Amino acid sequence: KSYYMDKAFGIFPQQANSQIYKDAEGKDQAKPMATGRKLTVVPEAENQRMQIENLTGNLELLDGRANHNNGWFVVRSLIKKGAVKGAIEWLVTPNAVDGWKAEPVIQVSQVGYHPKQQKIAVIELDAKDAKRAPLSLLRVSENGGFETALKAAPKEWGNFLRYHYLQLDFTSVEKPGMYLVQYGNYRSQPFQINKNVYKNDVWQPTLQYFLPAQMCHMRVNDKYRVWHGWCHLDDARMAPTDSNHFDGYIQGKSTLTKYKSGETVPMLNRGGWHDAGDFDLRVESQAETVHGLTLAYEQFDVKYDNTSIDQKNLVTEIGEPDGKPDVLQQIEHGLLSIVGGYQSMGRFYRGIIEPTLRQYTLLGDPANLTDNKPFINTVSNKN
């Protein structure tokens, strides 16, 4: 994709290629890709083209990935010192395409349906789309091609936010097989109708992949792949009092335990699962996961075993059964963290998180966050 900034022009790069320089405070900054008063984004595509014009000064186009791996392209204007009113005035002009409408989207269950359950497909339309196309359920033939299983007029469900919705109720269709929904020239992805639809490849991947990949204080192997190496084996040190950390962590005036700020709190370097999107351990996530897994085991007697978990050597092997129900082993893993807090502090920990922002924002193997060696205070207390 391309851009114009006044008379300058260029390509939005696939990766951050910006030249870095030191600012007056010695911090690394990215050199702007372009500077000017008027920026045109993707001029070659009418469905994406937009313009930004600074009516009072200049614009800068920067690649935010130069400083943050999860960043993106940034347009900014610098505010003049002392400016209070009318400091920046931008005119943003999207390119509106006359008559454009969003294409229909057909939504079905990715898992599929049991023959006896209610089955409803949802068709999402542009709110301005008044036309109605033929709607049908097609069965995929064993030898290729399609058989029409059902034709029906779409039911008008109504509007929600920016879209209008239709429904196709095909509850009456019970014949096992692979199906798809067709609306006009649009088709859904294939899905199944099967009495065994919930017996495989539905909840099992949670036990086989998701929970093992999130396991903290372990090395997690998956044949040739290593999801992550041994991590956080130096957990944990007590946080400073009266501190407002990132990601919502706040320490009050007291540690509420016998441990002082900076001291090593034992028995917190086992068990637990990483939080979604980062590597901290929130105690409510640990407790809720243990609770849910426990209810599932008690209610359904889940004996599924496709993973080996070795708490002695701190190694998990995905795709290697060890004769023990995976759900029980995951319950144990969560309890090791929760109970560890009770054994060392006599209470729940609130959370365990990296001390520095550089560690917290790591994109990579959490084994590289620390050296996995518990902190030992070798400084003498003598004056």
# chains A, B, ... in the order shown; residues from 1 in each chain; ligands from 1
$ residues_around --residues "region 257-272 of chain A" --least-positions-apart "2" --cutoff "10 Å" --atoms "only C-alpha atoms" --output "ChimeraX atom specification"
/A:211,214-218,231-241,254-255,274-275,280-283,285-287,289-290,311,314,330-347,349,352,372,374-377
$ residues_around --residues "Ile120 (chain A)" --least-positions-apart "5" --cutoff "7 Å" --atoms "only C-alpha atoms" --output "PyMOL selection string"
chain A and resi 167-170
$ write_last_selection --atoms "N, CA and C atoms" --output "tab-separated table (two decimals), in the first residue's frame"
chain	number	residue	atom	x	y	z
A	167	GLN	N	-32.40	-15.18	9.53
A	167	GLN	CA	-32.18	-16.50	10.12
A	167	GLN	C	-32.70	-17.58	9.19
A	168	LEU	N	-32.03	-18.73	9.25
A	168	LEU	CA	-32.50	-19.95	8.61
A	168	LEU	C	-32.60	-21.02	9.68
A	169	ASP	N	-33.79	-21.48	9.94
A	169	ASP	CA	-34.01	-22.54	10.92
A	169	ASP	C	-34.06	-23.87	10.17
A	170	PHE	N	-33.04	-24.71	10.41
A	170	PHE	CA	-33.01	-26.02	9.75
A	170	PHE	C	-33.02	-27.15	10.79
$ closest_residue --among "A:Asp371, A:Asp6, A:Glu320, A:Glu60" --to "Gln208 (chain A)" --atoms "only C-alpha atoms"
A:Glu320
$ atom_distance --atom1 "CA of Phe146 (chain A)" --atom2 "CA of Tyr179 (chain A)"
8.7 Å
$ select_by_dssp --residues "region 207-306 of chain A" --states "alpha helix (DSSP H)" --output "mmCIF file with N, CA and C atoms, in the first residue's frame"
data_model
loop_
_atom_site.group_PDB
_atom_site.id
_atom_site.type_symbol
_atom_site.label_atom_id
_atom_site.label_comp_id
_atom_site.auth_asym_id
_atom_site.auth_seq_id
_atom_site.Cartn_x
_atom_site.Cartn_y
_atom_site.Cartn_z
ATOM 1 N N LEU A 211 -4.420 -25.298 27.710
ATOM 2 C CA LEU A 211 -3.934 -25.284 29.094
ATOM 3 C C LEU A 211 -2.461 -25.675 29.191
ATOM 4 N N PRO A 212 -2.000 -26.727 28.497
ATOM 5 C CA PRO A 212 -0.558 -27.015 28.557
ATOM 6 C C PRO A 212 0.314 -25.861 28.075
ATOM 7 N N ALA A 213 -0.079 -25.195 26.985
ATOM 8 C CA ALA A 213 0.739 -24.094 26.467
ATOM 9 C C ALA A 213 0.815 -22.942 27.451
ATOM 10 N N GLN A 214 -0.208 -22.774 28.300
ATOM 11 C CA GLN A 214 -0.246 -21.688 29.271
ATOM 12 C C GLN A 214 0.397 -22.069 30.604
ATOM 13 N N VAL A 283 -4.606 -14.529 40.609
ATOM 14 C CA VAL A 283 -5.117 -15.610 41.447
ATOM 15 C C VAL A 283 -6.562 -15.940 41.105
ATOM 16 N N GLU A 284 -7.360 -14.938 40.681
ATOM 17 C CA GLU A 284 -8.753 -15.249 40.348
ATOM 18 C C GLU A 284 -8.838 -16.137 39.119
ATOM 19 N N SER A 285 -7.902 -15.960 38.178
ATOM 20 C CA SER A 285 -7.874 -16.820 36.995
ATOM 21 C C SER A 285 -7.507 -18.249 37.384
ATOM 22 N N GLN A 286 -6.545 -18.381 38.283
ATOM 23 C CA GLN A 286 -6.153 -19.722 38.743
ATOM 24 C C GLN A 286 -7.335 -20.407 39.426
ATOM 25 N N ALA A 287 -7.982 -19.687 40.349
ATOM 26 C CA ALA A 287 -9.068 -20.286 41.132
ATOM 27 C C ALA A 287 -10.266 -20.633 40.247
ATOM 28 N N GLU A 288 -10.630 -19.732 39.332
ATOM 29 C CA GLU A 288 -11.775 -19.989 38.466
ATOM 30 C C GLU A 288 -11.516 -21.170 37.538
ATOM 31 N N THR A 289 -10.285 -21.294 37.046
ATOM 32 C CA THR A 289 -9.961 -22.413 36.167
ATOM 33 C C THR A 289 -10.008 -23.730 36.931
ATOM 34 N N VAL A 290 -9.432 -23.747 38.121
ATOM 35 C CA VAL A 290 -9.494 -24.959 38.947
ATOM 36 C C VAL A 290 -10.944 -25.326 39.246
ATOM 37 N N HIS A 291 -11.741 -24.337 39.582
ATOM 38 C CA HIS A 291 -13.154 -24.576 39.905
ATOM 39 C C HIS A 291 -13.891 -25.171 38.705
ATOM 40 N N GLY A 292 -13.690 -24.578 37.518
ATOM 41 C CA GLY A 292 -14.359 -25.082 36.330
ATOM 42 C C GLY A 292 -13.939 -26.490 35.966
ATOM 43 N N LEU A 293 -12.640 -26.766 36.044
ATOM 44 C CA LEU A 293 -12.144 -28.109 35.740
ATOM 45 C C LEU A 293 -12.668 -29.131 36.744
ATOM 46 N N THR A 294 -12.740 -28.733 38.006
ATOM 47 C CA THR A 294 -13.246 -29.636 39.038
ATOM 48 C C THR A 294 -14.708 -29.986 38.797
ATOM 49 N N LEU A 295 -15.525 -28.996 38.474
ATOM 50 C CA LEU A 295 -16.933 -29.248 38.179
ATOM 51 C C LEU A 295 -17.077 -30.179 36.979
ATOM 52 N N ALA A 296 -16.252 -29.967 35.944
ATOM 53 C CA ALA A 296 -16.322 -30.809 34.750
ATOM 54 C C ALA A 296 -15.979 -32.259 35.089
ATOM 55 N N TYR A 297 -14.961 -32.438 35.919
ATOM 56 C CA TYR A 297 -14.552 -33.803 36.280
ATOM 57 C C TYR A 297 -15.621 -34.479 37.128
ATOM 58 N N GLU A 298 -16.174 -33.756 38.102
ATOM 59 C CA GLU A 298 -17.183 -34.355 38.979
ATOM 60 C C GLU A 298 -18.484 -34.639 38.233
ATOM 61 N N GLN A 299 -18.855 -33.766 37.311
ATOM 62 C CA GLN A 299 -20.121 -33.912 36.609
ATOM 63 C C GLN A 299 -20.057 -34.952 35.494
ATOM 64 N N PHE A 300 -18.920 -34.991 34.772
ATOM 65 C CA PHE A 300 -18.852 -35.817 33.568
ATOM 66 C C PHE A 300 -17.806 -36.932 33.640
#
$ closest_residue --among "A:Ala45, A:Val140, A:Ile88, A:Val122" --to "Ser109 (chain A)" --atoms "only C-alpha atoms"
A:Val122
$ closest_residue --among "A:Val97, A:Val173, A:Leu369, A:Leu180" --to "Arg139 (chain A)" --atoms "only C-alpha atoms"
A:Leu180
$ closest_residue --among "A:Arg132, A:Asp310, A:Pro154, A:Gln15" --to "Asn69 (chain A)" --atoms "only C-alpha atoms"
A:Gln15
$ select_by_dssp --residues "region 77-245 of chain A" --states "strand (DSSP E or B)" --output "PyMOL selection string"
chain A and resi 90-94+105-107+113+120-126+135-140+146-152+155-160+163-169+177-183+186-187+191-193+215+219-222+225-228+237+243-244
$ closest_residue --among "A:Leu362, A:Met5, A:Met178, A:Leu39" --to "Gln110 (chain A)" --atoms "only C-alpha atoms"
A:Met178
$ residues_around --residues "Thr307 (chain A)" --least-positions-apart "6" --cutoff "7 Å" --atoms "only C-alpha atoms" --output "PyMOL selection string"
chain A and resi 208+317-322+326
$ atom_distance --atom1 "CA of Gln251 (chain A)" --atom2 "CA of Asn70 (chain A)"
28.0 Å
$ residues_around --residues "Leu59 (chain A)" --least-positions-apart "2" --cutoff "10 Å" --atoms "only C-alpha atoms" --output "number ranges by chain"
A: 5, 32, 34-39, 52-57, 61-62, 75-78, 90
$ write_last_selection --atoms "N, CA and C atoms" --output "compact mmCIF listing (two decimals), in the first residue's frame"
# COMPACT_ATOMS: atom_id res chain seq x y z
N MET A 5 2.48 12.29 0.90
CA MET A 5 2.52 13.37 1.88
C MET A 5 2.99 14.61 1.13
N PRO A 32 10.54 10.30 11.20
CA PRO A 32 9.29 10.23 10.44
C PRO A 32 9.51 9.71 9.02
N ALA A 34 7.53 10.57 6.65
CA ALA A 34 7.25 11.74 5.82
C ALA A 34 6.69 12.85 6.70
N THR A 35 6.88 14.10 6.26
CA THR A 35 6.36 15.27 6.97
C THR A 35 5.71 16.20 5.95
N GLY A 36 4.56 16.75 6.30
CA GLY A 36 3.87 17.67 5.39
C GLY A 36 2.53 18.08 5.96
N ARG A 37 1.72 18.71 5.13
CA ARG A 37 0.43 19.22 5.61
C ARG A 37 -0.73 18.28 5.25
N LYS A 38 -0.57 17.50 4.18
CA LYS A 38 -1.68 16.68 3.72
C LYS A 38 -1.20 15.26 3.41
N LEU A 39 -1.84 14.29 4.05
CA LEU A 39 -1.48 12.88 3.87
C LEU A 39 -2.62 12.17 3.16
N ILE A 52 -5.83 13.02 5.42
CA ILE A 52 -5.73 13.76 6.67
C ILE A 52 -4.96 15.05 6.35
N GLU A 53 -5.55 16.17 6.68
CA GLU A 53 -4.92 17.46 6.40
C GLU A 53 -4.86 18.26 7.69
N ASN A 54 -3.68 18.79 8.00
CA ASN A 54 -3.51 19.67 9.14
C ASN A 54 -3.72 21.11 8.66
N LEU A 55 -4.75 21.76 9.18
CA LEU A 55 -5.09 23.11 8.74
C LEU A 55 -4.27 24.18 9.43
N THR A 56 -3.49 23.78 10.45
CA THR A 56 -2.74 24.78 11.22
C THR A 56 -1.24 24.52 11.27
N GLY A 57 -0.80 23.40 10.74
CA GLY A 57 0.62 23.08 10.81
C GLY A 57 0.93 21.82 10.03
N LEU A 61 4.20 11.33 9.66
CA LEU A 61 3.85 9.92 9.50
C LEU A 61 5.00 9.08 10.04
N LEU A 62 4.70 8.28 11.06
CA LEU A 62 5.73 7.47 11.70
C LEU A 62 5.31 6.00 11.69
N VAL A 75 0.01 8.81 12.77
CA VAL A 75 0.01 10.18 12.23
C VAL A 75 -0.13 11.12 13.41
N ARG A 76 0.74 12.11 13.49
CA ARG A 76 0.70 13.03 14.63
C ARG A 76 1.07 14.44 14.20
N SER A 77 0.69 15.36 15.06
CA SER A 77 1.13 16.76 14.92
C SER A 77 1.64 17.22 16.27
N LEU A 78 2.72 17.95 16.27
CA LEU A 78 3.28 18.46 17.51
C LEU A 78 2.58 19.75 17.90
N TRP A 90 -7.38 19.24 12.45
CA TRP A 90 -7.26 18.29 11.36
C TRP A 90 -8.56 18.19 10.58
$ atom_distance --atom1 "CA of Arg225 (chain A)" --atom2 "CA of Lys303 (chain A)"
25.6 Å
